[in-house]
Amino acid sequence: MSTLGIDITGIGAVSGYGWGTDVLWNGLSTGKAAATLHHDRTRPGRNPVWLAKVPDGGDHGDGTSRFGRALRGSAREAIDDAMTRGWRPGRRVGLIHAVVLGEVDEWRNFYLKDGGERRVRDYLTLMPSTPVSLLMQEYGFHGPAMNVSAMCASGNAGLLTAKMWLDTGFVDDVVFVATDLSLTPENIDHFVKLGVGVVDVEPQEGCRPFQEGSRGFGMGEAATAFVLSNRSSASYGRVLGGSMTHDAFHATSIDPALTQVRGCFEQALADACVTPRQVRYLNAHGPGTAQCDAAETEMLETVLESRAQVYSVKPLTGHCQGAASAIETISAVMGFERAIVPAAPQVADAHPLLLDGFTPAEPGLTVKSSLGMGGHNSVVVLAPA
């Protein structure tokens with residue numbers, strides 16, 4: 001992959017805090033989790049649960065689907081933001097959509113409420129192509145449009161795919177969106193059964209990355225969007241490079257040898273043409289599970305030579321699954337403009353390099369790591385504008 005770097009020139013977000021990037025930043029700045037208590041009256045004994053779920057909102061002209069409204073709403077915000085900052089779409093604007101489970105709410109309704117019967121027009125809203133197609137139509141974009149999926153690493157996968165498209169001249173600009181609104185009761189239950197989802201206590205009580213007493217992650221939803229270009233006149237920051245590897249080891253567990261995780265970190269730095277001395281912050285996958293904490297601590301202390309400080313956004317936003325690394329990246333990018341590192345506050349004894357809450361940023365690069373279920377390792381190197 002080329003190491004020229006690409007500009008982030010527009011951003012948009014929908015999160016458990018609400019609709020919009022300002023709402024996300026204001027929520028993060030409180031140091032309080034986005035999660036609220038949710039009840040399911042049809043499942044006595046299994047509720048309430050703590051979830052950072054995207055609230056109803058957006059443009060209801062986009063349809064009944066929260067997923068479709070969130071995807072298009074975050075993309076609109078990013079495009080409008082980029083246009084305000086001077087960006088004008090090139091001849092070929094591509095769209096990359098990072099997604100894992102897709103339109104979960106409406107598929108659930110299709111089977112459980114509609115009995116598998118819908119008008120064709122309403123059935124089409126279930127297709128993963130539909131919200132992407134409608135977004136392309138809305139703006140008259142004619143470049144390539146596709147979905148990418150790499151579990152929790154999908155956001156990093158999308159950014160790296162966009163960089164390849166731009167570096168090779170395949171497109172003039174990319175709109176990249178990552179969407180995950182998959183917190184149905186069934187999905188929540190199974191993550192709890194896996195021993196990683198924690199919904200029975202407030203998120204910061206259960207999710208404590210790099211701290212004592214962590215049980216796993218709280219669960220969240222998000223849609224985040226970026227306009228990426230080599231023709232920007234006003235950039236939030238730059239994607240310098242990155243890498244992806246795969247453990248090829250287990251359906252859920254990280255290979256304890258950490259060979260591929262280490263390789264991913266080392267290759268990402270090499271691709272970006274930077275050294276550990278230039279990295280000031282590790283924006284970690286940081287789900288608060290024992291395996292991930294151990295793996296990323298090892299990378300912090302060896303590959304990054306204990307020179308960087310580490311933080312995680314997941315105690316605040318929840319683990320947003322297919323949109324996790326994207327919302328964590330957008331949090332870092334908003335911090336670039338404000339010269340603030342958006343770390344969650346510490347709540348227990350912690351690794352000495354863990355940041356404690358919002359921190360004034362020092363010069364240097366940010367490495368964003370994401371270790372997706374099934375062995376998807378990804379690292380992206382980010383620089384302030």
# chains A, B, ... in the order shown; residues from 1 in each chain; ligands from 1

$ residues_around --residues "Glu328 (chain A)" --least-positions-apart "4" --cutoff "7 Å" --atoms "only C-alpha atoms" --output "list in words"
Val313, Ala324 and Ala332 of chain A

$ write_last_selection --atoms "N, CA and C atoms" --output "short mmCIF file (atom, residue, chain, number, x, y, z; two decimals), in the first residue's frame"
data_model
loop_
_atom_site.label_atom_id
_atom_site.label_comp_id
_atom_site.auth_asym_id
_atom_site.auth_seq_id
_atom_site.Cartn_x
_atom_site.Cartn_y
_atom_site.Cartn_z
N VAL A 313 -12.20 4.02 24.12
CA VAL A 313 -13.46 4.76 24.09
C VAL A 313 -14.64 3.87 24.47
N ALA A 324 -17.36 -0.31 15.55
CA ALA A 324 -16.55 0.01 16.74
C ALA A 324 -15.31 0.83 16.40
N ALA A 332 -11.19 10.12 18.03
CA ALA A 332 -9.81 10.62 17.99
C ALA A 332 -9.69 11.81 17.05
#

$ residues_around --residues "Val279 (chain A)" --least-positions-apart "5" --cutoff "10 Å" --atoms "only C-alpha atoms" --output "PDB file with C-alpha atoms, in the first residue's frame"
ATOM      1  CA  LEU A 269       4.189   1.466  11.239  1.00  0.00           C
ATOM      2  CA  VAL A 274       6.933   6.038  10.971  1.00  0.00           C
ATOM      3  CA  LEU A 304       5.542   0.794  20.785  1.00  0.00           C
ATOM      4  CA  GLU A 305       8.356   0.486  23.357  1.00  0.00           C
ATOM      5  CA  ARG A 307       6.552   5.332  24.600  1.00  0.00           C
ATOM      6  CA  ALA A 308       2.854   5.834  23.877  1.00  0.00           C
ATOM      7  CA  GLN A 309      -0.024   6.296  26.272  1.00  0.00           C
ATOM      8  CA  PRO A 363       2.437  16.286  19.593  1.00  0.00           C
ATOM      9  CA  GLY A 364       2.619  12.914  17.909  1.00  0.00           C
ATOM     10  CA  LEU A 365       0.724  10.261  16.025  1.00  0.00           C
ATOM     11  CA  THR A 366      -2.168   8.061  17.094  1.00  0.00           C
ATOM     12  CA  VAL A 367      -2.234   4.351  16.360  1.00  0.00           C
ATOM     13  CA  VAL A 381      -1.842   5.189  11.819  1.00  0.00           C
ATOM     14  CA  LEU A 382      -3.476   8.611  12.165  1.00  0.00           C
ATOM     15  CA  ALA A 383      -1.940  12.090  12.195  1.00  0.00           C
TER      16      ALA A 383
END

$ closest_atom_pairs --of "region 12-126 of chain A" --to "region 143-155 of chain A" --cutoff "12 Å" --atoms "only C-alpha atoms" --output "tab-separated table"
residue	atom	partner	partner_atom	distance
A:Pro89	CA	A:Gly143	CA	11.0
A:Gly90	CA	A:Gly143	CA	9.8
A:Arg91	CA	A:Gly143	CA	8.1
A:Arg92	CA	A:Gly143	CA	4.6
A:Val93	CA	A:Gly143	CA	4.8
A:Gly94	CA	A:Gly143	CA	4.3
A:Leu95	CA	A:Ala145	CA	4.5
A:Ile96	CA	A:Met146	CA	5.3
A:His97	CA	A:Asn147	CA	4.6
A:Ala98	CA	A:Val148	CA	4.9
A:Val99	CA	A:Ser149	CA	5.5
A:Val100	CA	A:Ser149	CA	5.6
A:Leu101	CA	A:Met151	CA	9.0
A:Gly102	CA	A:Asn147	CA	10.2

$ closest_residue --among "A:Gly12, A:Gly63, A:Gly57, A:Pro131" --to "Ala78 (chain A)" --atoms "only C-alpha atoms"
A:Gly12

$ select_by_dssp --residues "region 10-128 of chain A" --states "helix (DSSP H, G or I)" --output "VMD selection string"
chain A and resid 21 to 29 60 to 62 66 to 84 104 to 112 120 to 126

$ closest_residue --among "A:Gly18, A:Gly86, A:Gly27, A:Gly374" --to "Thr252 (chain A)" --atoms "only C-alpha atoms"
A:Gly374

$ closest_residue --among "A:Leu126, A:Ile6, A:Ala268, A:Val54" --to "Met164 (chain A)" --atoms "only C-alpha atoms"
A:Ile6

$ decode --residues "region 80-99 of chain A" --atoms "N, CA, C and O atoms" --output "CSV table (one decimal), in the first residue's frame"
chain,number,residue,atom,x,y,z
A,80,ASP,N,-22.0,17.1,4.2
A,80,ASP,CA,-22.3,18.6,4.4
A,80,ASP,C,-21.1,19.2,5.1
A,80,ASP,O,-20.7,20.4,4.8
A,81,ASP,N,-20.5,18.5,6.1
A,81,ASP,CA,-19.3,19.0,6.8
A,81,ASP,C,-18.2,19.3,5.8
A,81,ASP,O,-17.5,20.3,5.9
A,82,ALA,N,-17.9,18.3,5.0
A,82,ALA,CA,-16.8,18.4,4.0
A,82,ALA,C,-17.1,19.6,3.1
A,82,ALA,O,-16.2,20.4,2.7
A,83,MET,N,-18.3,19.7,2.6
A,83,MET,CA,-18.7,20.8,1.7
A,83,MET,C,-18.5,22.2,2.3
A,83,MET,O,-17.9,23.1,1.7
A,84,THR,N,-18.8,22.3,3.6
A,84,THR,CA,-18.7,23.5,4.3
A,84,THR,C,-17.2,23.9,4.5
A,84,THR,O,-16.8,25.1,4.5
A,85,ARG,N,-16.3,22.8,4.5
A,85,ARG,CA,-14.9,23.1,4.7
A,85,ARG,C,-14.2,23.2,3.3
A,85,ARG,O,-13.0,23.2,3.3
A,86,GLY,N,-15.0,23.3,2.2
A,86,GLY,CA,-14.4,23.6,0.9
A,86,GLY,C,-14.3,22.4,0.0
A,86,GLY,O,-13.9,22.6,-1.2
A,87,TRP,N,-14.6,21.2,0.4
A,87,TRP,CA,-14.5,20.1,-0.5
A,87,TRP,C,-15.6,20.1,-1.5
A,87,TRP,O,-16.8,20.5,-1.2
A,88,ARG,N,-15.3,19.7,-2.8
A,88,ARG,CA,-16.2,19.5,-3.8
A,88,ARG,C,-16.0,18.2,-4.4
A,88,ARG,O,-14.9,17.8,-4.7
A,89,PRO,N,-17.1,17.4,-4.6
A,89,PRO,CA,-16.9,16.0,-5.1
A,89,PRO,C,-16.2,16.0,-6.5
A,89,PRO,O,-16.5,16.8,-7.3
A,90,GLY,N,-15.3,15.0,-6.6
A,90,GLY,CA,-14.7,14.8,-7.9
A,90,GLY,C,-15.6,14.0,-8.8
A,90,GLY,O,-16.8,13.7,-8.6
A,91,ARG,N,-15.0,13.7,-10.0
A,91,ARG,CA,-15.8,13.0,-11.0
A,91,ARG,C,-16.2,11.6,-10.5
A,91,ARG,O,-17.4,11.2,-10.8
A,92,ARG,N,-15.4,10.9,-9.8
A,92,ARG,CA,-15.7,9.5,-9.4
A,92,ARG,C,-15.6,9.5,-7.8
A,92,ARG,O,-14.5,9.5,-7.3
A,93,VAL,N,-16.8,9.5,-7.2
A,93,VAL,CA,-16.8,9.4,-5.8
A,93,VAL,C,-17.3,8.0,-5.4
A,93,VAL,O,-18.4,7.5,-5.8
A,94,GLY,N,-16.4,7.3,-4.7
A,94,GLY,CA,-16.8,5.9,-4.3
A,94,GLY,C,-17.4,5.9,-2.9
A,94,GLY,O,-17.2,6.8,-2.1
A,95,LEU,N,-18.1,4.8,-2.6
A,95,LEU,CA,-18.8,4.6,-1.3
A,95,LEU,C,-18.3,3.3,-0.8
A,95,LEU,O,-18.5,2.2,-1.5
A,96,ILE,N,-17.8,3.3,0.4
A,96,ILE,CA,-17.5,2.0,1.1
A,96,ILE,C,-18.3,2.0,2.4
A,96,ILE,O,-18.3,3.0,3.2
A,97,HIS,N,-19.0,0.9,2.6
A,97,HIS,CA,-19.8,0.7,3.8
A,97,HIS,C,-19.3,-0.4,4.6
A,97,HIS,O,-19.3,-1.6,4.1
A,98,ALA,N,-18.9,-0.2,5.8
A,98,ALA,CA,-18.4,-1.2,6.7
A,98,ALA,C,-19.7,-1.7,7.5
A,98,ALA,O,-20.3,-0.9,8.2
A,99,VAL,N,-19.9,-3.0,7.4
A,99,VAL,CA,-21.1,-3.6,8.1
A,99,VAL,C,-20.9,-5.0,8.4
A,99,VAL,O,-20.2,-5.7,7.7
